[in-house]
>>> print(open('entry28.txt').read())   # compact mmCIF, C-alpha atoms and all ligand atoms
# COMPACT_ATOMS: atom_id res chain seq x y z
CA MET S 30 -121.51 61.97 -33.76
CA LYS S 31 -117.93 62.93 -33.08
CA GLU S 32 -119.02 66.45 -32.13
CA LYS S 33 -121.67 65.07 -29.85
CA LEU S 34 -119.04 62.98 -28.03
CA GLU S 35 -116.71 65.95 -27.67
CA ALA S 36 -119.63 67.99 -26.27
CA ILE S 37 -120.36 65.26 -23.71
CA LYS S 38 -116.71 65.20 -22.70
CA ALA S 39 -116.59 68.99 -22.31
CA SER S 40 -119.71 69.21 -20.18
CA ALA S 41 -118.75 66.17 -18.07
CA LEU S 42 -115.29 67.59 -17.33
CA ASN S 43 -116.82 70.93 -16.52
CA GLU S 44 -119.32 69.41 -14.12
CA ILE S 45 -116.57 67.43 -12.46
CA LYS S 46 -114.56 70.58 -12.00
CA ASN S 47 -117.52 72.31 -10.40
CA SER S 48 -118.35 69.47 -7.99
CA SER S 49 -117.31 70.03 -4.43
CA THR S 50 -118.59 66.92 -2.63
CA SER S 51 -118.34 63.17 -3.16
CA ALA S 52 -122.11 63.04 -3.59
CA GLU S 53 -122.02 65.57 -6.41
CA LEU S 54 -119.25 63.61 -8.15
CA GLU S 55 -121.24 60.43 -7.84
CA ALA S 56 -124.19 62.17 -9.51
CA VAL S 57 -121.96 63.20 -12.42
CA ARG S 58 -120.68 59.66 -12.79
CA VAL S 59 -124.22 58.29 -12.92
CA LYS S 60 -125.29 61.00 -15.38
CA TYR S 61 -122.59 60.11 -17.96
CA LEU S 62 -121.27 56.62 -17.17
CA GLY S 63 -124.19 55.03 -15.31
CA LYS S 64 -126.40 52.33 -16.84
CA LYS S 65 -128.59 54.95 -18.47
CA GLY S 66 -125.81 57.56 -18.72
CA GLU S 67 -125.37 59.75 -21.77
CA LEU S 68 -122.13 58.16 -22.89
CA THR S 69 -123.34 54.66 -22.12
CA LEU S 70 -126.34 55.13 -24.37
CA ILE S 71 -124.12 56.26 -27.24
CA LEU S 72 -121.75 53.32 -26.81
CA ARG S 73 -124.75 51.04 -26.83
CA GLY S 74 -126.03 52.56 -30.06
CA MET S 75 -122.75 51.88 -31.91
CA GLY S 76 -124.23 48.81 -33.59
CA ALA S 77 -126.32 51.07 -35.83
CA LEU S 78 -123.24 52.77 -37.33
CA SER S 79 -121.73 51.80 -40.65
CA ALA S 80 -118.69 49.50 -40.80
CA GLU S 81 -116.34 52.43 -41.65
CA GLU S 82 -117.69 54.76 -39.00
CA ARG S 83 -117.76 52.26 -36.18
CA PRO S 84 -113.96 51.99 -35.42
CA VAL S 85 -113.45 55.74 -35.70
CA ILE S 86 -116.34 56.69 -33.46
CA GLY S 87 -115.57 53.75 -31.18
CA LYS S 88 -112.07 55.06 -30.65
CA VAL S 89 -113.29 58.57 -29.84
CA ALA S 90 -116.00 57.25 -27.51
CA ASN S 91 -113.43 55.22 -25.61
CA GLU S 92 -111.12 58.19 -25.27
CA VAL S 93 -114.00 60.27 -23.91
CA ARG S 94 -114.90 57.55 -21.41
CA GLU S 95 -111.30 57.27 -20.25
CA ALA S 96 -110.96 61.00 -19.91
CA ILE S 97 -114.14 61.26 -17.83
CA GLU S 98 -113.11 58.30 -15.65
CA ALA S 99 -109.64 59.73 -15.04
CA ALA S 100 -111.05 63.15 -14.12
CA LEU S 101 -113.57 61.49 -11.80
CA THR S 102 -110.91 59.41 -10.01
CA GLU S 103 -108.69 62.41 -9.53
CA SER S 104 -111.49 64.58 -8.15
CA VAL S 105 -112.86 61.83 -5.92
CA THR S 106 -109.43 61.41 -4.28
CA ALA S 107 -108.94 65.11 -3.88
CA ILE S 108 -112.39 65.63 -2.36
CA LYS S 109 -112.08 62.61 -0.05
CA ASN S 110 -108.76 63.99 1.24
CA LYS S 111 -110.27 67.39 1.74
CA GLU S 112 -113.30 65.94 3.56
CA ARG S 113 -111.02 63.86 5.78
CA ASP S 114 -108.84 66.85 6.64
CA GLU S 115 -111.89 68.88 7.55
CA LYS S 116 -113.25 66.11 9.75
CA LEU S 117 -109.90 65.83 11.53
CA LYS S 118 -109.80 69.59 12.03
CA ASN S 119 -113.19 69.50 13.76
CA ASP S 120 -112.42 66.34 15.76
CA VAL S 121 -110.89 67.99 18.77
CA ILE S 122 -109.35 65.66 21.34
CA ASP S 123 -109.25 67.00 24.86
CA ILE S 124 -105.94 65.62 26.08
CA SER S 125 -106.57 67.01 29.54
CA LEU S 126 -109.45 64.56 30.16
CA PRO S 127 -108.54 61.78 32.64
CA GLY S 128 -107.71 58.45 30.99
CA LYS S 129 -109.68 55.26 31.45
CA LYS S 130 -108.08 52.90 33.94
CA ASN S 131 -107.73 49.25 32.95
CA ILE S 132 -108.47 47.00 35.87
CA LEU S 133 -106.08 44.05 35.84
CA GLY S 134 -107.14 40.67 37.18
CA LYS S 135 -105.08 39.08 39.92
CA ARG S 136 -104.21 35.63 41.10
CA HIS S 137 -106.23 34.33 44.02
CA PRO S 138 -103.94 33.96 47.08
CA LEU S 139 -104.75 30.24 47.29
CA ASP S 140 -103.84 29.69 43.66
CA ALA S 141 -100.67 31.77 43.99
CA ALA S 142 -99.61 29.73 47.05
CA LEU S 143 -100.34 26.44 45.26
CA GLU S 144 -98.21 27.61 42.38
CA SER S 145 -95.22 28.50 44.53
CA MET S 146 -95.51 25.21 46.48
CA LYS S 147 -95.52 23.29 43.21
CA GLU S 148 -92.46 25.26 42.04
CA ILE S 149 -90.57 24.28 45.20
CA PHE S 150 -91.25 20.57 44.72
CA ILE S 151 -90.65 20.66 40.98
CA SER S 152 -87.22 22.20 41.70
CA MET S 153 -86.49 19.13 43.86
CA GLY S 154 -87.41 16.74 41.04
CA PHE S 155 -91.00 15.90 41.99
CA THR S 156 -93.63 15.24 39.34
CA ILE S 157 -97.22 16.46 39.66
CA GLU S 158 -99.99 13.87 39.65
CA GLU S 159 -103.75 14.20 39.75
CA GLY S 160 -106.50 11.94 41.01
CA PRO S 161 -110.30 11.99 40.87
CA GLU S 162 -112.29 14.10 43.34
CA VAL S 163 -115.07 11.51 43.30
CA GLU S 164 -113.20 8.51 44.66
CA SER S 165 -113.98 4.94 45.57
CA ASP S 166 -114.08 3.95 49.23
CA TYR S 167 -111.28 1.53 48.38
CA TYR S 168 -108.75 4.18 47.33
CA ASN S 169 -109.82 6.81 49.82
CA PHE S 170 -109.77 4.47 52.85
CA GLU S 171 -109.34 0.74 52.36
CA ALA S 172 -106.07 0.72 50.42
CA LEU S 173 -104.65 3.28 52.83
CA ASN S 174 -105.03 0.88 55.72
CA ILE S 175 -108.30 2.39 56.95
CA PRO S 176 -110.79 -0.49 56.83
CA LYS S 177 -114.53 -0.04 57.50
CA ASN S 178 -115.20 0.74 61.19
CA HIS S 179 -111.62 1.99 61.66
CA PRO S 180 -111.72 4.91 64.14
CA ALA S 181 -109.75 7.11 61.70
CA ARG S 182 -112.84 7.21 59.49
CA SER S 183 -114.76 9.21 62.06
CA GLU S 184 -112.05 11.89 62.01
CA GLN S 185 -112.86 12.55 58.38
CA ASP S 186 -116.57 13.31 58.10
CA THR S 187 -117.24 11.91 54.69
CA PHE S 188 -119.66 12.82 51.92
CA TYR S 189 -120.86 9.43 50.68
CA ILE S 190 -122.22 9.16 47.14
CA ASN S 191 -123.16 5.56 47.92
CA ASP S 192 -121.67 2.74 50.04
CA ASN S 193 -118.60 2.45 47.82
CA VAL S 194 -118.13 5.94 46.39
CA VAL S 195 -117.16 9.09 48.29
CA LEU S 196 -115.97 12.64 47.67
CA ARG S 197 -112.33 12.17 48.57
CA THR S 198 -111.56 13.36 52.09
CA GLN S 199 -107.82 13.53 51.46
CA THR S 200 -105.34 13.54 48.56
CA SER S 201 -103.68 10.37 49.91
CA PRO S 202 -105.62 8.02 47.54
CA VAL S 203 -103.52 9.43 44.69
CA GLN S 204 -100.56 7.59 46.31
CA ILE S 205 -102.17 4.22 45.60
CA ARG S 206 -103.21 5.18 42.07
CA VAL S 207 -99.66 6.30 41.24
CA MET S 208 -98.05 3.20 42.76
CA GLU S 209 -100.41 0.96 40.80
CA LYS S 210 -99.38 2.58 37.51
CA ASN S 211 -95.67 3.28 38.06
CA ALA S 212 -92.68 1.26 39.17
CA PRO S 213 -90.27 2.98 41.62
CA PRO S 214 -88.48 5.34 41.75
CA ILE S 215 -91.56 7.48 42.43
CA LYS S 216 -91.27 11.11 43.47
CA MET S 217 -94.55 12.94 43.18
CA ILE S 218 -96.80 15.54 44.69
CA SER S 219 -100.53 15.73 44.19
CA PRO S 220 -102.33 18.97 44.97
CA GLY S 221 -106.10 19.17 44.83
CA LYS S 222 -109.49 19.71 46.38
CA VAL S 223 -110.77 17.52 49.19
CA PHE S 224 -114.21 17.41 50.83
CA ARG S 225 -115.48 16.88 54.35
CA SER S 226 -118.99 17.31 55.68
CA ASP S 227 -117.94 19.85 58.27
CA ALA S 228 -120.12 22.78 59.29
CA VAL S 229 -118.64 26.02 57.99
CA ASP S 230 -116.87 28.15 60.58
CA ALA S 231 -113.65 30.16 60.90
CA THR S 232 -111.45 27.07 60.62
CA HIS S 233 -113.65 24.63 58.68
CA SER S 234 -114.80 24.55 55.09
CA PRO S 235 -116.51 21.59 53.37
CA ILE S 236 -114.09 22.09 50.48
CA PHE S 237 -110.42 22.80 50.95
CA TYR S 238 -107.07 22.05 49.36
CA GLN S 239 -104.44 19.50 50.30
CA MET S 240 -101.08 18.61 48.90
CA GLU S 241 -99.87 15.05 49.06
CA GLY S 242 -96.28 13.89 48.59
CA LEU S 243 -94.83 10.43 47.96
CA VAL S 244 -91.25 9.28 47.46
CA ILE S 245 -90.43 5.60 46.89
CA ASP S 246 -87.14 3.98 45.98
CA LYS S 247 -84.63 1.49 47.32
CA GLY S 248 -83.11 2.61 50.61
CA ILE S 249 -85.33 5.63 51.37
CA THR S 250 -85.14 6.48 55.06
CA PHE S 251 -86.63 8.89 57.57
CA ALA S 252 -83.54 11.09 57.00
CA ASP S 253 -84.68 11.65 53.39
CA LEU S 254 -88.11 12.65 54.69
CA LYS S 255 -86.62 15.13 57.15
CA GLY S 256 -84.24 16.66 54.65
CA THR S 257 -86.89 17.10 51.97
CA LEU S 258 -89.49 18.63 54.25
CA GLU S 259 -86.96 20.93 55.95
CA ILE S 260 -85.97 22.33 52.57
CA PHE S 261 -89.63 22.79 51.69
CA ALA S 262 -90.29 24.70 54.94
CA LYS S 263 -87.26 26.96 54.39
CA LYS S 264 -88.16 27.74 50.79
CA MET S 265 -91.77 28.37 51.77
CA PHE S 266 -91.28 30.46 54.92
CA GLY S 267 -87.69 31.68 54.76
CA ASP S 268 -84.20 30.42 55.65
CA LYS S 269 -84.53 31.22 59.35
CA VAL S 270 -87.37 28.76 59.87
CA LYS S 271 -86.57 25.86 62.20
CA THR S 272 -88.41 22.56 62.01
CA LYS S 273 -89.09 19.76 64.47
CA PHE S 274 -90.78 16.39 64.20
CA ARG S 275 -93.22 15.00 66.78
CA PRO S 276 -94.33 11.37 66.85
CA HIS S 277 -97.89 10.96 65.64
CA HIS S 278 -100.20 8.33 64.18
CA PHE S 279 -101.56 7.88 60.69
CA PRO S 280 -102.90 4.52 59.51
CA PHE S 281 -100.94 4.69 56.23
CA THR S 282 -97.50 5.47 57.65
CA GLU S 283 -95.28 3.75 60.20
CA PRO S 284 -93.60 5.46 61.93
CA SER S 285 -95.66 8.65 61.58
CA ALA S 286 -94.87 12.20 62.59
CA GLU S 287 -96.09 15.75 62.46
CA MET S 288 -93.69 18.48 61.45
CA ASP S 289 -93.81 21.84 63.19
CA ALA S 290 -92.10 25.01 62.03
CA SER S 291 -90.84 27.79 64.27
CA CYS S 292 -93.43 30.58 64.18
CA PHE S 293 -92.57 32.88 61.30
CA VAL S 294 -94.48 35.74 62.86
CA CYS S 295 -92.62 35.92 66.18
CA GLY S 296 -89.62 33.79 65.23
CA GLY S 297 -90.31 31.38 68.10
CA GLU S 298 -90.80 33.86 70.93
CA GLY S 299 -94.51 33.12 71.24
CA CYS S 300 -97.35 35.25 69.84
CA SER S 301 -101.05 35.06 69.04
CA VAL S 302 -100.48 33.22 65.74
CA CYS S 303 -98.58 30.35 67.42
CA LYS S 304 -100.75 30.69 70.54
CA GLY S 305 -97.67 31.41 72.62
CA SER S 306 -95.88 28.13 71.86
CA GLY S 307 -93.39 29.47 69.30
CA TRP S 308 -94.25 26.54 66.99
CA ILE S 309 -96.78 26.01 64.24
CA GLU S 310 -98.04 22.62 63.11
CA LEU S 311 -97.31 22.33 59.39
CA LEU S 312 -97.95 18.83 58.10
CA GLY S 313 -98.36 15.10 58.64
CA CYS S 314 -95.80 12.62 57.37
CA GLY S 315 -94.18 9.23 57.86
CA MET S 316 -92.64 6.17 56.27
CA VAL S 317 -95.14 4.48 53.95
CA HIS S 318 -96.74 1.52 55.74
CA PRO S 319 -95.61 -1.84 54.23
CA GLU S 320 -99.28 -2.80 53.82
CA VAL S 321 -99.91 0.36 51.76
CA LEU S 322 -96.89 -0.40 49.54
CA ARG S 323 -98.27 -3.88 48.99
CA LYS S 324 -101.71 -2.47 48.09
CA GLY S 325 -99.94 -0.32 45.49
CA GLY S 326 -98.24 -3.40 44.05
CA ILE S 327 -94.79 -2.57 45.44
CA ASP S 328 -92.68 -5.09 47.39
CA PRO S 329 -91.86 -3.62 50.84
CA GLU S 330 -88.93 -6.07 51.14
CA ILE S 331 -87.21 -4.23 48.26
CA TYR S 332 -88.54 -0.69 48.42
CA SER S 333 -89.27 1.85 51.10
CA GLY S 334 -90.67 5.36 50.95
CA PHE S 335 -92.03 8.35 52.77
CA ALA S 336 -95.23 10.33 52.38
CA PHE S 337 -96.56 13.62 53.61
CA GLY S 338 -99.71 15.67 53.38
CA PHE S 339 -100.83 19.11 54.41
CA GLY S 340 -103.69 21.56 54.14
CA VAL S 341 -102.86 24.26 51.61
CA ASP S 342 -105.48 26.66 53.00
CA ARG S 343 -104.01 26.37 56.48
CA MET S 344 -100.55 27.24 55.18
CA VAL S 345 -101.90 30.23 53.26
CA MET S 346 -103.75 31.40 56.38
CA MET S 347 -100.58 31.14 58.43
CA LYS S 348 -98.46 32.83 55.82
CA TYR S 349 -100.76 35.87 55.63
CA GLY S 350 -102.00 35.82 59.23
CA LEU S 351 -105.64 35.13 58.25
CA ASP S 352 -107.94 34.03 61.05
CA ASP S 353 -110.91 32.91 58.95
CA ILE S 354 -110.82 30.29 56.17
CA ARG S 355 -114.09 31.67 54.74
CA LEU S 356 -112.15 34.68 53.43
CA LEU S 357 -110.52 32.35 50.90
CA TYR S 358 -113.84 31.20 49.44
CA GLU S 359 -116.14 34.22 49.55
CA SER S 360 -114.57 36.13 46.63
CA ASP S 361 -114.90 39.44 48.45
CA MET S 362 -112.95 41.90 46.30
CA ARG S 363 -112.13 44.09 49.33
CA PHE S 364 -110.22 41.12 50.72
CA LEU S 365 -108.73 39.82 47.47
CA ASN S 366 -107.49 43.24 46.36
CA GLN S 367 -105.05 43.26 49.26
CA PHE S 368 -102.88 40.62 47.63
N1 LIG Z 1 -104.12 12.49 54.63
C1 LIG Z 1 -103.80 13.12 55.88
C2 LIG Z 1 -104.95 14.00 56.32
O1 LIG Z 1 -105.80 14.29 55.54
C3 LIG Z 1 -102.54 13.91 55.75
C4 LIG Z 1 -101.33 13.04 55.65
C5 LIG Z 1 -100.62 12.67 56.77
C6 LIG Z 1 -100.91 12.55 54.43
C7 LIG Z 1 -99.50 11.87 56.70
C8 LIG Z 1 -99.79 11.74 54.33
C9 LIG Z 1 -99.10 11.40 55.48
O2 LIG Z 1 -99.35 11.24 53.17
O3 LIG Z 1 -98.00 10.61 55.37
O4 LIG Z 1 -104.99 14.37 57.46
>>> encode(input="entry28.txt", output="structure tokens")
Amino acid sequence: MKEKLEAIKASALNEIKNSSTSAELEAVRVKYLGKKGELTLILRGMGALSAEERPVIGKVANEVREAIEAALTESVTAIKNKERDEKLKNDVIDISLPGKKNILGKRHPLDAALESMKEIFISMGFTIEEGPEVESDYYNFEALNIPKNHPARSEQDTFYINDNVVLRTQTSPVQIRVMEKNAPPIKMISPGKVFRSDAVDATHSPIFYQMEGLVIDKGITFADLKGTLEIFAKKMFGDKVKTKFRPHHFPFTEPSAEMDASCFVCGGEGCSVCKGSGWIELLGCGMVHPEVLRKGGIDPEIYSGFAFGFGVDRMVMMKYGLDDIRLLYESDMRFLNQF
């Protein structure tokens, strides 16, 4: 029995030595150590040996198994390394081939402009508020001093969901929602989408962006409004920009104004962008109407405030000299790649 084991060991080690591939080694392993392998069968037959023989033969059998396993492991590693080296040697990389270009995504100009506008107001201590795009007639019109049949309603062609629900035509309703929930001081902006049933052309889109602003505290005056909006214009269009205020009318402010900025293309000389006037209309603003404060639950005898609102798309168009609002919504990569 002992001789038989030694013979198995010798032939196994020999076969291992003569194997040159992983597959050949695996075949050797199966032949000797597999379920029906030569050594396995002997180990299984140990029960038939006498009590004296069993430990002696058992010891030898174990040594043989260990020796075969060790030789196998060593050869497997060596052959794997050799096979890997050969594969690497044949894997030629042509470093002169052109690389693959990764195309990076970019911010949409509208989104980038919104972001920088928000940054400007955040730096002045404004918070950012949001309101629903599907809005009740009450918040969109009524509470802002625009009752049914008010002529201002016809200026904002409205998408009605039903008699009392609309797609908001302006971001101004957020003013009321914020006043209802917060006691002054209030200092917020609210950017977002608004909707008007306008036919699409170079200057009209049924969806566009507005940014609303509202500041309420004790003793807020028109001087605060002017100072804040002048700083905004300078940060947005550069330090050289001049601003002026023209009287205007909005139902939710009294007095109301429109702010113009000196044309940042020609610097005020007059060009095609400012249509020769040297000025560009930037935004609407005014002191919050006492009736609107009351609707928001704020006592106009104690508090005053100012509000403003502007079209974000319009500002982006002016900033980049775009003459067609549709460019901002058509996702034409030839256009967007220029930013
Ligand atoms: N909501 C106005 C519009 O859509 C813009 C506006 C004007 C907002 C004056 C204001 C404001 O808050 O004070 O035309």
>>> residues_near_ligand(input="entry28.txt", ligand="ligand LIG 1 (chain Z)", cutoff="9 Å", atoms="only C-alpha atoms and all ligand atoms", output="NGL selection string")
:S and (184-185 or 198-202 or 204 or 223 or 239-243 or 278-283 or 285-287 or 312-317 or 335-340)
>>> write_last_selection(input="entry28.txt", atoms="C-alpha atoms", output="tab-separated table (two decimals), keeping the file's coordinate frame")
chain	number	residue	atom	x	y	z
S	184	GLU	CA	-112.05	11.89	62.01
S	185	GLN	CA	-112.86	12.55	58.38
S	198	THR	CA	-111.56	13.36	52.09
S	199	GLN	CA	-107.82	13.53	51.46
S	200	THR	CA	-105.34	13.54	48.56
S	201	SER	CA	-103.68	10.37	49.91
S	202	PRO	CA	-105.62	8.02	47.54
S	204	GLN	CA	-100.56	7.59	46.31
S	223	VAL	CA	-110.77	17.52	49.19
S	239	GLN	CA	-104.44	19.50	50.30
S	240	MET	CA	-101.08	18.61	48.90
S	241	GLU	CA	-99.87	15.05	49.06
S	242	GLY	CA	-96.28	13.89	48.59
S	243	LEU	CA	-94.83	10.43	47.96
S	278	HIS	CA	-100.20	8.33	64.18
S	279	PHE	CA	-101.56	7.88	60.69
S	280	PRO	CA	-102.90	4.52	59.51
S	281	PHE	CA	-100.94	4.69	56.23
S	282	THR	CA	-97.50	5.47	57.65
S	283	GLU	CA	-95.28	3.75	60.20
S	285	SER	CA	-95.66	8.65	61.58
S	286	ALA	CA	-94.87	12.20	62.59
S	287	GLU	CA	-96.09	15.75	62.46
S	312	LEU	CA	-97.95	18.83	58.10
S	313	GLY	CA	-98.36	15.10	58.64
S	314	CYS	CA	-95.80	12.62	57.37
S	315	GLY	CA	-94.18	9.23	57.86
S	316	MET	CA	-92.64	6.17	56.27
S	317	VAL	CA	-95.14	4.48	53.95
S	335	PHE	CA	-92.03	8.35	52.77
S	336	ALA	CA	-95.23	10.33	52.38
S	337	PHE	CA	-96.56	13.62	53.61
S	338	GLY	CA	-99.71	15.67	53.38
S	339	PHE	CA	-100.83	19.11	54.41
S	340	GLY	CA	-103.69	21.56	54.14
>>> residues_around(input="entry28.txt", residues="Asp230 (chain S)", least_positions_apart="6", cutoff="9 Å", atoms="all atoms listed in the file", output="mmCIF file with C-alpha atoms, in the frame of the given file")
data_model
loop_
_atom_site.group_PDB
_atom_site.id
_atom_site.type_symbol
_atom_site.label_atom_id
_atom_site.label_comp_id
_atom_site.auth_asym_id
_atom_site.auth_seq_id
_atom_site.Cartn_x
_atom_site.Cartn_y
_atom_site.Cartn_z
ATOM 1 C CA ASP S 353 -110.910 32.910 58.950
ATOM 2 C CA ILE S 354 -110.820 30.290 56.170
ATOM 3 C CA ARG S 355 -114.090 31.670 54.740
#
>>> atom_distance(input="entry28.txt", atom1="CA of Met30 (chain S)", atom2="CA of Leu101 (chain S)")
23.4 Å
>>> closest_residue(input="entry28.txt", among="S:Leu34, S:Phe266, S:Asp123, S:Thr50", to="Gly87 (chain S)", atoms="all atoms listed in the file")
S:Leu34
>>> closest_residue(input="entry28.txt", among="S:Ile157, S:Met288, S:Leu42, S:Cys300", to="Val203 (chain S)", atoms="all atoms listed in the file")
S:Ile157
>>> atom_distance(input="entry28.txt", atom1="CA of Phe155 (chain S)", atom2="CA of Ser234 (chain S)")
28.5 Å
>>> atom_distance(input="entry28.txt", atom1="CA of Thr232 (chain S)", atom2="CA of Arg343 (chain S)")
8.5 Å
>>> residues_around(input="entry28.txt", residues="Asn91 (chain S)", least_positions_apart="2", cutoff="12 Å", atoms="all atoms listed in the file", output="mmCIF file with C-alpha atoms, in the frame of the given file")
data_model
loop_
_atom_site.group_PDB
_atom_site.id
_atom_site.type_symbol
_atom_site.label_atom_id
_atom_site.label_comp_id
_atom_site.auth_asym_id
_atom_site.auth_seq_id
_atom_site.Cartn_x
_atom_site.Cartn_y
_atom_site.Cartn_z
ATOM 1 C CA LYS S 31 -117.930 62.930 -33.080
ATOM 2 C CA LEU S 34 -119.040 62.980 -28.030
ATOM 3 C CA GLU S 35 -116.710 65.950 -27.670
ATOM 4 C CA LYS S 38 -116.710 65.200 -22.700
ATOM 5 C CA LEU S 62 -121.270 56.620 -17.170
ATOM 6 C CA LEU S 68 -122.130 58.160 -22.890
ATOM 7 C CA THR S 69 -123.340 54.660 -22.120
ATOM 8 C CA ILE S 71 -124.120 56.260 -27.240
ATOM 9 C CA LEU S 72 -121.750 53.320 -26.810
ATOM 10 C CA MET S 75 -122.750 51.880 -31.910
ATOM 11 C CA ARG S 83 -117.760 52.260 -36.180
ATOM 12 C CA PRO S 84 -113.960 51.990 -35.420
ATOM 13 C CA VAL S 85 -113.450 55.740 -35.700
ATOM 14 C CA ILE S 86 -116.340 56.690 -33.460
ATOM 15 C CA GLY S 87 -115.570 53.750 -31.180
ATOM 16 C CA LYS S 88 -112.070 55.060 -30.650
ATOM 17 C CA VAL S 89 -113.290 58.570 -29.840
ATOM 18 C CA VAL S 93 -114.000 60.270 -23.910
ATOM 19 C CA ARG S 94 -114.900 57.550 -21.410
ATOM 20 C CA GLU S 95 -111.300 57.270 -20.250
ATOM 21 C CA ALA S 96 -110.960 61.000 -19.910
ATOM 22 C CA ILE S 97 -114.140 61.260 -17.830
ATOM 23 C CA GLU S 98 -113.110 58.300 -15.650
#
>>> closest_residue(input="entry28.txt", among="S:Asp342, S:Asp114, S:Asp140, S:Asp246", to="Pro213 (chain S)", atoms="all atoms listed in the file")
S:Asp246
>>> residues_around(input="entry28.txt", residues="Glu53 (chain S)", least_positions_apart="4", cutoff="12 Å", atoms="all atoms listed in the file", output="PDB file with C-alpha atoms, in the frame of the given file")
ATOM      1  CA  GLU S  44    -119.320  69.410 -14.120  1.00  0.00           C
ATOM      2  CA  ILE S  45    -116.570  67.430 -12.460  1.00  0.00           C
ATOM      3  CA  LYS S  46    -114.560  70.580 -12.000  1.00  0.00           C
ATOM      4  CA  ASN S  47    -117.520  72.310 -10.400  1.00  0.00           C
ATOM      5  CA  SER S  48    -118.350  69.470  -7.990  1.00  0.00           C
ATOM      6  CA  SER S  49    -117.310  70.030  -4.430  1.00  0.00           C
ATOM      7  CA  VAL S  57    -121.960  63.200 -12.420  1.00  0.00           C
ATOM      8  CA  ARG S  58    -120.680  59.660 -12.790  1.00  0.00           C
ATOM      9  CA  VAL S  59    -124.220  58.290 -12.920  1.00  0.00           C
ATOM     10  CA  LYS S  60    -125.290  61.000 -15.380  1.00  0.00           C
ATOM     11  CA  LEU S 101    -113.570  61.490 -11.800  1.00  0.00           C
ATOM     12  CA  SER S 104    -111.490  64.580  -8.150  1.00  0.00           C
ATOM     13  CA  VAL S 105    -112.860  61.830  -5.920  1.00  0.00           C
ATOM     14  CA  ILE S 108    -112.390  65.630  -2.360  1.00  0.00           C
TER      15      ILE S 108
END
>>> residues_around(input="entry28.txt", residues="Leu356 (chain S)", least_positions_apart="4", cutoff="12 Å", atoms="all atoms listed in the file", output="PDB file with C-alpha atoms, keeping the file's coordinate frame")
ATOM      1  CA  HIS S 137    -106.230  34.330  44.020  1.00  0.00           C
ATOM      2  CA  PRO S 138    -103.940  33.960  47.080  1.00  0.00           C
ATOM      3  CA  LEU S 139    -104.750  30.240  47.290  1.00  0.00           C
ATOM      4  CA  VAL S 229    -118.640  26.020  57.990  1.00  0.00           C
ATOM      5  CA  ASP S 230    -116.870  28.150  60.580  1.00  0.00           C
ATOM      6  CA  ALA S 231    -113.650  30.160  60.900  1.00  0.00           C
ATOM      7  CA  THR S 232    -111.450  27.070  60.620  1.00  0.00           C
ATOM      8  CA  HIS S 233    -113.650  24.630  58.680  1.00  0.00           C
ATOM      9  CA  SER S 234    -114.800  24.550  55.090  1.00  0.00           C
ATOM     10  CA  ASP S 342    -105.480  26.660  53.000  1.00  0.00           C
ATOM     11  CA  VAL S 345    -101.900  30.230  53.260  1.00  0.00           C
ATOM     12  CA  MET S 346    -103.750  31.400  56.380  1.00  0.00           C
ATOM     13  CA  TYR S 349    -100.760  35.870  55.630  1.00  0.00           C
ATOM     14  CA  GLY S 350    -102.000  35.820  59.230  1.00  0.00           C
ATOM     15  CA  LEU S 351    -105.640  35.130  58.250  1.00  0.00           C
ATOM     16  CA  ASP S 352    -107.940  34.030  61.050  1.00  0.00           C
ATOM     17  CA  SER S 360    -114.570  36.130  46.630  1.00  0.00           C
ATOM     18  CA  ASP S 361    -114.900  39.440  48.450  1.00  0.00           C
ATOM     19  CA  MET S 362    -112.950  41.900  46.300  1.00  0.00           C
ATOM     20  CA  ARG S 363    -112.130  44.090  49.330  1.00  0.00           C
ATOM     21  CA  PHE S 364    -110.220  41.120  50.720  1.00  0.00           C
ATOM     22  CA  LEU S 365    -108.730  39.820  47.470  1.00  0.00           C
ATOM     23  CA  GLN S 367    -105.050  43.260  49.260  1.00  0.00           C
TER      24      GLN S 367
END
>>> axis_aligned_box(input="entry28.txt", around="region 252-265 of chain S", padding_each_side="4 Å", output="lines of an AutoDock Vina configuration file")
center_x = -87.7
center_y = 19.7
center_z = 54.0
size_x = 16.2
size_y = 25.3
size_z = 14.4
>>> closest_residue(input="entry28.txt", among="S:Tyr189, S:Phe150, S:Phe251, S:Phe274", to="Met217 (chain S)", atoms="all atoms listed in the file")
S:Phe150
>>> residues_around(input="entry28.txt", residues="Val194 (chain S)", least_positions_apart="3", cutoff="6 Å", atoms="all atoms listed in the file", output="PDB file with C-alpha atoms, in the frame of the given file")
ATOM      1  CA  GLU S 164    -113.200   8.510  44.660  1.00  0.00           C
ATOM      2  CA  SER S 165    -113.980   4.940  45.570  1.00  0.00           C
ATOM      3  CA  ASP S 166    -114.080   3.950  49.230  1.00  0.00           C
ATOM      4  CA  ILE S 190    -122.220   9.160  47.140  1.00  0.00           C
ATOM      5  CA  ASN S 191    -123.160   5.560  47.920  1.00  0.00           C
TER       6      ASN S 191
END
>>> closest_residue(input="entry28.txt", among="S:Asn193, S:Ser145, S:Ser291, S:Ser40", to="Lys271 (chain S)", atoms="only C-alpha atoms")
S:Ser291
>>> closest_residue(input="entry28.txt", among="S:Thr187, S:Gly305, S:Lys247, S:Glu162", to="Arg225 (chain S)", atoms="all atoms listed in the file")
S:Thr187
